[in-house]
$ cat work_31.cif   # mmCIF, C-alpha atoms
data_work
loop_
_atom_site.label_atom_id
_atom_site.label_comp_id
_atom_site.auth_asym_id
_atom_site.auth_seq_id
_atom_site.Cartn_x
_atom_site.Cartn_y
_atom_site.Cartn_z
CA MET A 314 1.84 2.79 -40.18
CA ASN A 315 -1.73 1.72 -40.76
CA PRO A 316 -2.95 -1.52 -39.17
CA ASP A 317 -3.18 -3.34 -42.51
CA ARG A 318 0.40 -2.64 -43.36
CA ARG A 319 1.44 -3.68 -39.89
CA GLN A 320 -0.46 -6.93 -40.25
CA LEU A 321 1.31 -7.56 -43.54
CA LEU A 322 4.64 -7.08 -41.77
CA VAL A 323 3.63 -9.52 -39.06
CA TRP A 324 2.68 -12.14 -41.66
CA GLY A 325 5.92 -11.49 -43.44
CA ALA A 326 7.81 -11.99 -40.21
CA ALA A 327 5.85 -15.18 -39.51
CA ALA A 328 6.70 -16.52 -42.96
CA ALA A 329 10.35 -15.63 -42.41
CA ALA A 330 10.27 -17.37 -39.04
CA ALA A 331 8.86 -20.50 -40.62
CA ALA A 332 11.67 -20.39 -43.17
CA LEU A 333 14.39 -19.61 -40.61
CA ALA A 334 14.41 -22.27 -37.98
CA PRO A 335 11.92 -23.88 -35.63
CA GLY A 336 11.86 -22.17 -32.24
CA LEU A 337 13.13 -18.83 -33.55
CA ARG A 338 10.15 -16.62 -34.19
CA LEU A 339 10.65 -13.17 -35.61
CA VAL A 340 7.07 -12.17 -34.75
CA GLU A 341 7.98 -11.50 -31.13
CA LEU A 342 11.22 -9.83 -32.15
CA ALA A 343 9.36 -7.55 -34.52
CA LEU A 344 6.67 -6.63 -31.99
CA ALA A 345 8.60 -6.37 -28.72
CA ARG A 346 9.04 -2.77 -27.68
CA SER A 347 12.53 -1.70 -26.62
CA PRO A 348 12.89 0.38 -23.43
CA GLU A 349 13.79 3.45 -25.50
CA GLU A 350 10.63 3.23 -27.55
CA ALA A 351 7.51 5.15 -26.52
CA ALA A 352 4.12 3.49 -26.08
CA SER A 353 2.31 3.65 -29.39
CA ALA A 354 -1.27 4.37 -30.33
CA LEU A 355 -1.08 1.43 -32.75
CA GLN A 356 -1.68 -0.75 -29.75
CA ARG A 357 -4.55 -0.78 -27.35
CA TRP A 358 -4.14 -3.03 -24.37
CA GLY A 359 -7.20 -4.75 -23.04
CA LEU A 360 -8.56 -7.61 -21.00
CA LEU A 361 -11.19 -10.17 -21.78
CA ILE A 362 -12.73 -11.84 -18.74
CA ASP A 363 -14.86 -14.94 -19.20
CA ILE A 364 -17.14 -15.02 -16.19
CA THR A 365 -18.32 -18.53 -16.88
CA LYS A 366 -14.79 -19.69 -16.10
CA CYS A 367 -14.30 -17.37 -13.12
CA VAL A 368 -14.33 -19.57 -10.04
CA ASP A 369 -14.90 -18.59 -6.45
CA CYS A 370 -11.31 -17.64 -5.65
CA ASP A 371 -9.36 -14.41 -5.28
CA VAL A 372 -5.95 -15.27 -6.74
CA CYS A 373 -6.19 -12.26 -9.06
CA VAL A 374 -6.71 -9.90 -6.14
CA THR A 375 -3.92 -11.49 -4.13
CA ALA A 376 -1.55 -11.40 -7.10
CA CYS A 377 -2.34 -7.73 -7.74
CA ARG A 378 -1.75 -6.83 -4.12
CA GLU A 379 1.51 -8.74 -4.12
CA GLU A 380 2.72 -7.24 -7.40
CA ASN A 381 1.75 -3.65 -6.70
CA GLY A 382 2.26 -3.60 -2.95
CA TRP A 383 -1.08 -2.12 -1.95
CA THR A 384 -2.19 -3.15 1.48
CA GLY A 385 -5.05 -2.06 3.68
CA HIS A 386 -5.40 -1.15 7.31
CA GLU A 387 -8.43 -3.37 7.91
CA ARG A 388 -10.64 -0.37 7.17
CA PRO A 389 -12.73 -1.43 4.16
CA GLU A 390 -14.29 2.02 3.74
CA THR A 391 -10.99 3.69 2.91
CA ASP A 392 -8.58 0.87 2.05
CA PRO A 393 -7.26 0.89 -1.53
CA GLN A 394 -8.83 -1.51 -4.03
CA TRP A 395 -7.12 -1.83 -7.37
CA ILE A 396 -9.10 -4.95 -8.15
CA ARG A 397 -11.97 -6.63 -6.33
CA LYS A 398 -14.19 -9.65 -6.72
CA VAL A 399 -17.82 -8.75 -7.23
CA GLY A 400 -20.59 -11.26 -6.62
CA LEU A 401 -23.78 -11.22 -8.71
CA ARG A 402 -26.93 -13.14 -7.79
CA ASP A 403 -30.18 -13.40 -9.65
CA LYS A 404 -32.83 -12.70 -7.05
CA ARG A 405 -35.45 -14.89 -8.67
CA THR A 406 -33.43 -17.94 -9.60
CA GLY A 407 -30.60 -17.61 -7.11
CA TYR A 408 -28.01 -18.08 -9.88
CA ALA A 409 -24.74 -16.67 -8.57
CA GLN A 410 -21.74 -15.41 -10.53
CA THR A 411 -18.50 -13.80 -9.49
CA LEU A 412 -16.19 -11.58 -11.48
CA PRO A 413 -13.03 -9.55 -11.01
CA PHE A 414 -13.57 -5.82 -11.37
CA MET A 415 -11.03 -3.05 -11.82
CA CYS A 416 -10.31 0.10 -13.83
CA GLN A 417 -11.92 -0.51 -17.22
CA HIS A 418 -9.29 1.53 -19.12
CA CYS A 419 -11.84 3.50 -21.13
CA GLU A 420 -11.11 5.04 -24.48
CA HIS A 421 -12.93 8.16 -23.27
CA PRO A 422 -12.17 8.12 -19.55
CA PRO A 423 -14.32 10.43 -17.38
CA CYS A 424 -11.50 10.55 -14.81
CA VAL A 425 -9.28 12.24 -17.39
CA ASP A 426 -12.03 14.70 -18.34
CA VAL A 427 -12.48 15.98 -14.80
CA CYS A 428 -8.87 16.07 -13.61
CA PRO A 429 -7.96 19.73 -12.93
CA THR A 430 -4.19 19.22 -13.14
CA GLY A 431 -3.86 16.74 -15.98
CA ALA A 432 -2.57 14.11 -13.57
CA SER A 433 -5.16 11.60 -14.70
CA PHE A 434 -4.24 10.66 -18.24
CA LYS A 435 -4.51 7.98 -20.88
CA ARG A 436 -1.30 6.64 -22.34
CA ASP A 437 -1.06 6.24 -26.10
CA ASP A 438 -1.57 2.50 -25.82
CA GLY A 439 -4.84 2.97 -23.94
CA ILE A 440 -3.70 2.45 -20.36
CA VAL A 441 -5.30 4.97 -18.00
CA LEU A 442 -2.91 6.13 -15.28
CA VAL A 443 -2.46 8.71 -12.54
CA ASP A 444 0.63 10.92 -12.64
CA LYS A 445 1.18 11.16 -8.90
CA HIS A 446 3.73 13.93 -9.42
CA THR A 447 0.92 16.26 -10.42
CA CYS A 448 -2.01 14.67 -8.54
CA ILE A 449 -3.25 17.05 -5.85
CA GLY A 450 -5.58 14.53 -4.25
CA CYS A 451 -8.80 16.39 -5.06
CA ARG A 452 -10.58 13.10 -5.83
CA TYR A 453 -12.71 14.47 -8.66
CA CYS A 454 -11.73 11.37 -10.62
CA VAL A 455 -12.92 9.13 -7.80
CA MET A 456 -16.32 10.81 -8.10
CA ALA A 457 -16.36 10.78 -11.91
CA CYS A 458 -15.45 7.12 -12.43
CA PRO A 459 -18.68 5.17 -13.01
CA TYR A 460 -16.92 1.96 -11.99
CA GLY A 461 -15.66 3.08 -8.58
CA ALA A 462 -12.24 1.97 -9.68
CA ARG A 463 -10.13 4.62 -8.01
CA SER A 464 -8.86 4.74 -4.45
CA PHE A 465 -7.32 7.54 -2.44
CA ILE A 466 -4.30 6.92 -0.24
CA HIS A 467 -5.19 8.32 3.16
CA GLU A 468 -2.14 7.33 5.11
CA ALA A 469 1.63 7.51 4.76
CA VAL A 470 3.00 4.54 2.84
CA SER A 471 6.26 2.69 3.31
CA GLY A 472 7.75 -0.41 1.76
CA GLN A 473 6.60 0.39 -1.77
CA LYS A 474 7.62 -1.77 -4.69
CA ALA A 475 10.35 -0.19 -6.82
CA ASP A 476 8.19 -0.31 -9.95
CA VAL A 477 5.03 0.88 -8.26
CA PRO A 478 5.49 4.15 -6.37
CA ARG A 479 2.55 5.04 -4.09
CA GLY A 480 2.17 7.86 -1.63
CA LYS A 481 -0.20 9.58 0.73
CA GLY A 482 -2.53 12.19 -0.72
CA THR A 483 -2.72 10.78 -4.24
CA VAL A 484 -5.26 8.72 -6.13
CA GLU A 485 -4.48 5.32 -7.58
CA SER A 486 -6.08 2.50 -9.50
CA CYS A 487 -5.28 -0.51 -11.66
CA THR A 488 -2.37 0.32 -13.97
CA LEU A 489 -2.87 -2.82 -16.05
CA CYS A 490 0.56 -3.64 -14.57
CA VAL A 491 2.09 -1.08 -16.91
CA HIS A 492 5.61 -1.82 -15.64
CA ARG A 493 5.18 -5.47 -16.63
CA VAL A 494 3.52 -4.64 -19.95
CA ASP A 495 6.47 -2.38 -20.81
CA ARG A 496 8.75 -5.36 -20.17
CA GLY A 497 6.64 -7.48 -22.51
CA GLU A 498 4.93 -9.42 -19.73
CA ILE A 499 1.24 -9.82 -18.92
CA PRO A 500 -0.52 -8.31 -15.87
CA ALA A 501 -0.10 -10.14 -12.56
CA CYS A 502 -3.84 -10.92 -12.23
CA VAL A 503 -3.96 -12.60 -15.63
CA GLU A 504 -0.84 -14.60 -14.92
CA ALA A 505 -2.21 -15.75 -11.55
CA CYS A 506 -5.63 -16.60 -13.00
CA ASN A 507 -4.04 -18.72 -15.71
CA ARG A 508 -1.79 -20.45 -13.21
CA ASP A 509 -3.96 -20.97 -10.12
CA GLY A 510 -7.44 -19.77 -11.03
CA GLY A 511 -10.08 -20.62 -13.59
CA LYS A 512 -8.12 -19.40 -16.63
CA ALA A 513 -10.81 -16.78 -17.13
CA MET A 514 -8.66 -13.80 -18.16
CA VAL A 515 -6.95 -12.96 -21.43
CA PHE A 516 -4.69 -9.96 -21.88
CA GLY A 517 -3.68 -8.59 -25.24
CA ASP A 518 -3.68 -5.93 -27.89
CA LEU A 519 -7.22 -5.16 -29.04
CA ASN A 520 -5.88 -3.72 -32.30
CA ASP A 521 -3.72 -6.69 -33.20
CA ALA A 522 -5.75 -8.97 -35.45
CA SER A 523 -3.49 -11.92 -34.68
CA SER A 524 -3.95 -11.69 -30.90
CA GLU A 525 -6.20 -14.10 -29.03
CA ILE A 526 -8.21 -11.28 -27.47
CA HIS A 527 -8.92 -9.70 -30.87
CA ARG A 528 -9.94 -13.03 -32.38
CA ARG A 529 -12.25 -13.91 -29.52
CA LEU A 530 -13.88 -10.50 -29.40
CA LYS A 531 -14.52 -10.78 -33.11
CA ARG A 532 -16.08 -14.25 -32.98
CA GLU A 533 -17.69 -14.54 -29.57
CA PRO A 534 -20.26 -12.40 -27.76
CA SER A 535 -18.88 -10.03 -25.15
CA SER A 536 -20.06 -6.99 -23.27
CA GLN A 537 -18.83 -3.80 -21.70
CA ILE A 538 -20.05 -2.80 -18.28
CA ARG A 539 -22.22 0.30 -18.53
CA ALA A 540 -21.98 0.21 -22.32
CA ASP A 541 -24.68 2.89 -22.31
CA LEU A 542 -22.03 5.43 -21.29
CA ALA A 543 -20.19 4.79 -24.58
CA LEU A 544 -16.78 4.92 -22.92
CA ASN A 545 -15.45 2.04 -25.05
CA THR A 546 -13.79 0.16 -22.23
CA GLY A 547 -10.58 -1.80 -22.67
CA VAL A 548 -11.83 -4.46 -20.25
CA ARG A 549 -14.53 -6.70 -21.73
CA TYR A 550 -16.61 -9.44 -20.12
CA GLN A 551 -18.11 -12.65 -21.42
CA GLY A 552 -21.00 -14.56 -19.88
CA LEU A 553 -22.44 -11.57 -18.08
CA MET B 1236 66.83 40.88 -12.69
CA MET B 1237 66.23 42.00 -9.15
CA ARG B 1238 62.90 43.45 -10.20
CA ILE B 1239 61.77 40.15 -11.73
CA ALA B 1240 62.76 38.26 -8.59
CA VAL B 1241 60.79 40.68 -6.42
CA ALA B 1242 57.75 40.38 -8.69
CA LEU B 1243 57.93 36.58 -8.64
CA LEU B 1244 58.25 36.56 -4.87
CA THR B 1245 55.22 38.86 -4.54
CA VAL B 1246 53.15 36.62 -6.78
CA ALA B 1247 54.23 33.52 -4.86
CA LEU B 1248 53.34 35.14 -1.54
CA ALA B 1249 49.99 36.29 -2.87
CA VAL B 1250 49.13 32.78 -4.11
CA ALA B 1251 50.18 31.23 -0.82
CA GLY B 1252 48.13 33.77 1.09
CA PHE B 1253 45.10 33.17 -1.08
CA ALA B 1254 45.36 29.42 -0.65
CA ALA B 1255 45.67 29.79 3.09
CA ALA B 1256 42.61 32.05 3.23
CA GLU B 1257 40.67 29.59 1.12
CA GLU B 1258 41.59 26.75 3.42
CA LYS B 1259 40.65 28.79 6.47
CA ARG B 1260 37.30 29.66 4.94
CA ALA B 1261 36.68 26.02 4.11
CA ARG B 1262 37.35 25.10 7.70
CA ARG B 1263 35.05 27.81 9.00
CA VAL B 1264 32.09 26.80 6.80
CA ALA B 1265 30.68 23.38 7.47
CA VAL B 1266 30.48 21.37 4.25
CA PRO B 1267 28.20 18.38 3.76
CA VAL B 1268 29.72 14.99 4.21
CA VAL B 1269 28.48 13.03 1.24
CA LYS B 1270 29.45 9.40 1.25
CA ILE B 1271 29.80 8.38 -2.37
CA GLU B 1272 30.01 4.62 -2.65
CA ASN B 1273 30.38 4.47 -6.42
CA GLY B 1274 31.73 7.82 -7.53
CA GLU B 1275 33.69 6.90 -10.61
CA ALA B 1276 31.06 5.41 -12.83
CA CYS B 1277 28.16 7.85 -12.62
CA VAL B 1278 26.01 8.60 -15.65
CA ALA B 1279 27.56 12.08 -16.05
CA PRO B 1280 30.59 13.98 -14.65
CA THR B 1281 30.28 14.95 -10.97
CA ALA B 1282 29.98 18.69 -11.61
CA GLU B 1283 27.16 18.11 -14.07
CA MET B 1284 25.40 15.72 -11.72
CA ARG B 1285 25.59 18.21 -8.86
CA ARG B 1286 24.08 20.97 -10.94
CA ASP B 1287 21.60 19.06 -13.08
CA HIS B 1288 20.51 15.84 -11.39
CA MET B 1289 17.08 17.25 -10.60
CA ASN B 1290 16.46 18.17 -14.23
CA MET B 1291 17.60 14.77 -15.42
CA LEU B 1292 15.20 13.11 -13.00
CA LEU B 1293 12.36 15.44 -13.93
CA ARG B 1294 12.76 14.81 -17.64
CA GLN B 1295 13.11 11.06 -17.20
CA ARG B 1296 10.09 10.92 -14.90
CA ASP B 1297 7.75 12.39 -17.51
CA ARG B 1298 9.19 10.31 -20.33
CA THR B 1299 8.76 7.12 -18.33
CA LEU B 1300 5.32 7.78 -16.92
CA ARG B 1301 3.66 9.56 -19.83
CA GLN B 1302 5.32 7.85 -22.78
CA GLY B 1303 6.43 4.57 -21.32
CA ILE B 1304 10.09 5.11 -22.19
CA ARG B 1305 11.96 3.12 -19.60
CA GLU B 1306 15.61 3.91 -20.19
CA THR B 1307 17.59 3.13 -17.09
CA ARG B 1308 20.36 5.72 -17.44
CA PHE B 1309 18.68 8.66 -15.71
CA SER B 1310 16.06 6.67 -13.83
CA LEU B 1311 15.62 7.15 -10.10
CA LYS B 1312 15.86 3.39 -9.67
CA ASN B 1313 19.30 3.45 -11.25
CA CYS B 1314 20.41 6.28 -8.92
CA VAL B 1315 19.22 4.41 -5.85
CA ASP B 1316 20.67 1.07 -6.93
CA CYS B 1317 24.12 2.61 -7.26
CA HIS B 1318 24.13 5.18 -4.45
CA ALA B 1319 22.31 3.39 -1.63
CA SER B 1320 24.48 2.87 1.42
CA ARG B 1321 26.16 -0.49 1.75
CA GLU B 1322 25.14 -0.70 5.39
CA THR B 1323 21.49 0.32 5.25
CA GLY B 1324 20.75 -0.23 1.57
CA SER B 1325 19.05 3.17 1.50
CA VAL B 1326 19.75 6.64 0.11
CA LEU B 1327 18.03 8.21 3.12
CA GLY B 1328 19.05 8.28 6.77
CA LYS B 1329 21.84 10.17 8.50
CA ASP B 1330 24.60 9.32 6.04
CA GLY B 1331 22.29 8.58 3.15
CA PHE B 1332 23.57 9.77 -0.22
CA CYS B 1333 20.53 11.91 -1.02
CA SER B 1334 19.54 13.01 2.47
CA SER B 1335 22.99 14.12 3.69
CA CYS B 1336 23.30 16.81 1.04
CA HIS B 1337 19.63 17.74 0.95
CA THR B 1338 19.58 18.23 4.71
CA TYR B 1339 22.66 20.44 4.44
CA ALA B 1340 21.15 22.53 1.65
CA ALA B 1341 17.73 22.59 3.35
CA VAL B 1342 16.09 21.48 0.12
CA SER B 1343 13.26 19.08 0.72
CA MET B 1344 12.79 16.28 -1.76
CA ASP B 1345 9.50 14.50 -2.24
CA CYS B 1346 10.75 11.56 -4.32
CA PHE B 1347 10.73 9.12 -1.44
CA GLU B 1348 7.24 9.93 -0.23
CA CYS B 1349 6.18 7.54 -3.00
CA HIS B 1350 9.33 5.89 -4.36
CA THR B 1351 11.27 3.36 -2.37
CA PRO B 1352 14.65 4.62 -1.11
CA LEU B 1353 15.98 1.07 -0.96
CA ARG B 1354 18.35 -0.59 -3.38
CA GLN B 1355 16.73 -3.36 -5.41
CA LYS B 1356 19.81 -4.85 -7.02
CA GLN B 1357 21.94 -7.21 -5.00
CA VAL B 1358 25.44 -5.81 -4.53
CA ALA B 1359 28.56 -7.89 -4.47
CA THR B 1360 29.94 -7.92 -0.93
CA ARG B 1361 33.28 -6.26 -0.48
CA PRO B 1362 36.17 -8.67 0.10
#
$ encode --input "work_31.cif" --output "structure tokens"
Amino acid sequence: MNPDRRQLLVWGAAAAAAALAPGLRLVELALARSPEEAASALQRWGLLIDITKCVDCDVCVTACREENGWTGHERPETDPQWIRKVGLRDKRTGYAQTLPFMCQHCEHPPCVDVCPTGASFKRDDGIVLVDKHTCIGCRYCVMACPYGARSFIHEAVSGQKADVPRGKGTVESCTLCVHRVDRGEIPACVEACNRDGGKAMVFGDLNDASSEIHRRLKREPSSQIRADLALNTGVRYQGL
Amino acid sequence: MMRIAVALLTVALAVAGFAAAEEKRARRVAVPVVKIENGEACVAPTAEMRRDHMNMLLRQRDRTLRQGIRETRFSLKNCVDCHASRETGSVLGKDGFCSSCHTYAAVSMDCFECHTPLRQKQVATRP
């Protein structure tokens, strides 16, 4: 189905919802993916992060750690980092900014290019993941990623979350909370930022013309980090 | 008539002897003690599960991870939720559902290097 036709269907569903009853919206019913349905290339999940709203807190990092169960051993050199807060400061003016930074979910991910086993892959809906069943822990992807987004698990892990398996000898990174997205929810960092933080993050389908992220990217200025690499990242920033 | 009776008797003796030998053999060979908490309502008949559970898990694993198809029927989470021990809540350990048989068969399984062996669903306590 081409995007135009899909859009027409969405409008049709919206019109039907308006005619049906208030509170019952067929848009969500039409778009929600059932568990039996595969991720589709019609969608491309992405994040828009407005740095001007990003305050000096780390609720996104805490929420990610809580949701995905990654913990460190107080060894910052080797501890996993799915998401981190990065501070920027203009040396001349002293103007300081802070932003959350994680896997940028590239359209052309270098980590996928270099993976010798095919463990590093991009799902049809644009989420870049590691298949830990086939990951041999060579860490080529760690080297290839221009964003330093990947971590290697050096030590045996216990107490994993049921939805987020992690184990020694494999590489991991932000999954865009794929287990939540498949349930129709938003990533934990975005939820936490909207609840307790500066409401700086928006999650949505970059291809869906009716989504907030699509509308804002169309109307407002935004940037990709290392846009010169032409990776077409799924994570976009504003106010950088 | 006599001949038929003799034949029947021979057959009966042979069957009895065979059964006895079978029983003796079973006693001689140690069999795994697998504690099945919920044996009746598995996703496939027991014989099929014994033979094919690894293939079911393998297929489901790729479908879930690569395609995002999250059917629960053959998912590892579903296995663990149903088969975890009532005492420990785990499929591993001495009497664990997975480990008891895998230890017996000397087949190592890597699932729980990454996946949690603990039940996530709350179970109703037995009266």
$ closest_residue --input "work_31.cif" --among "B:Gly1331, B:Phe1309, B:Ala1255, B:Met1344" --to "Asp1287 of chain B" --atoms "only C-alpha atoms"
B:Phe1309
$ resolve_selection --input "work_31.cif" --expression "the PyMOL selection byres ((chain B and resi 1268) around 10)" --output "VMD selection string"
chain B and resid 1265 to 1267 1269 to 1271 1330 to 1332 1335 to 1336 1339
$ resolve_selection --input "work_31.cif" --expression "the PyMOL selection byres ((chain B) within 6 of (chain A))" --output "list in words"
Gln1302, Gly1303, Ile1304, Arg1305, Glu1306, Glu1348, Cys1349, His1350 and Thr1351 of chain B
$ write_last_selection --input "work_31.cif" --atoms "C-alpha atoms" --output "PDB file, keeping the file's coordinate frame"
ATOM      1  CA  GLN B1302       5.320   7.850 -22.780  1.00  0.00           C
ATOM      2  CA  GLY B1303       6.430   4.570 -21.320  1.00  0.00           C
ATOM      3  CA  ILE B1304      10.090   5.110 -22.190  1.00  0.00           C
ATOM      4  CA  ARG B1305      11.960   3.120 -19.600  1.00  0.00           C
ATOM      5  CA  GLU B1306      15.610   3.910 -20.190  1.00  0.00           C
ATOM      6  CA  GLU B1348       7.240   9.930  -0.230  1.00  0.00           C
ATOM      7  CA  CYS B1349       6.180   7.540  -3.000  1.00  0.00           C
ATOM      8  CA  HIS B1350       9.330   5.890  -4.360  1.00  0.00           C
ATOM      9  CA  THR B1351      11.270   3.360  -2.370  1.00  0.00           C
TER      10      THR B1351
END
$ resolve_selection --input "work_31.cif" --expression "the PyMOL selection byres ((chain A and resi 490) around 8)" --output "PyMOL selection string"
chain A and resi 381+487-489+491-494+499-501
$ closest_residue --input "work_31.cif" --among "A:Cys424, A:Leu412, A:Leu355, A:Leu530" --to "Asp369 of chain A" --atoms "only C-alpha atoms"
A:Leu412
$ residues_around --input "work_31.cif" --residues "segment 1321-1328 of chain B" --least-positions-apart "2" --cutoff "9 Å" --atoms "all atoms listed in the file" --output "list in words"
Glu1272, Val1315, Asp1316, His1318, Ala1319, Asp1330, Gly1331, Phe1332, Cys1333, Ser1334, Ser1335, Phe1347, Thr1351, Pro1352, Leu1353, Arg1354, Gln1355, Val1358 and Thr1360 of chain B
$ atom_distance --input "work_31.cif" --atom1 "atom CA of Cys454 of chain A" --atom2 "atom CA of His386 of chain A"
22.8 Å
$ closest_residue --input "work_31.cif" --among "A:Ala409, A:Ile538, A:Cys448, A:Ile440" --to "Asp518 of chain A" --atoms "all atoms listed in the file"
A:Ile440
$ atom_distance --input "work_31.cif" --atom1 "atom CA of Arg529 of chain A" --atom2 "atom CA of Cys419 of chain A"
19.3 Å
$ atom_distance --input "work_31.cif" --atom1 "atom CA of Gly517 of chain A" --atom2 "atom CA of Arg1301 of chain B"
20.3 Å
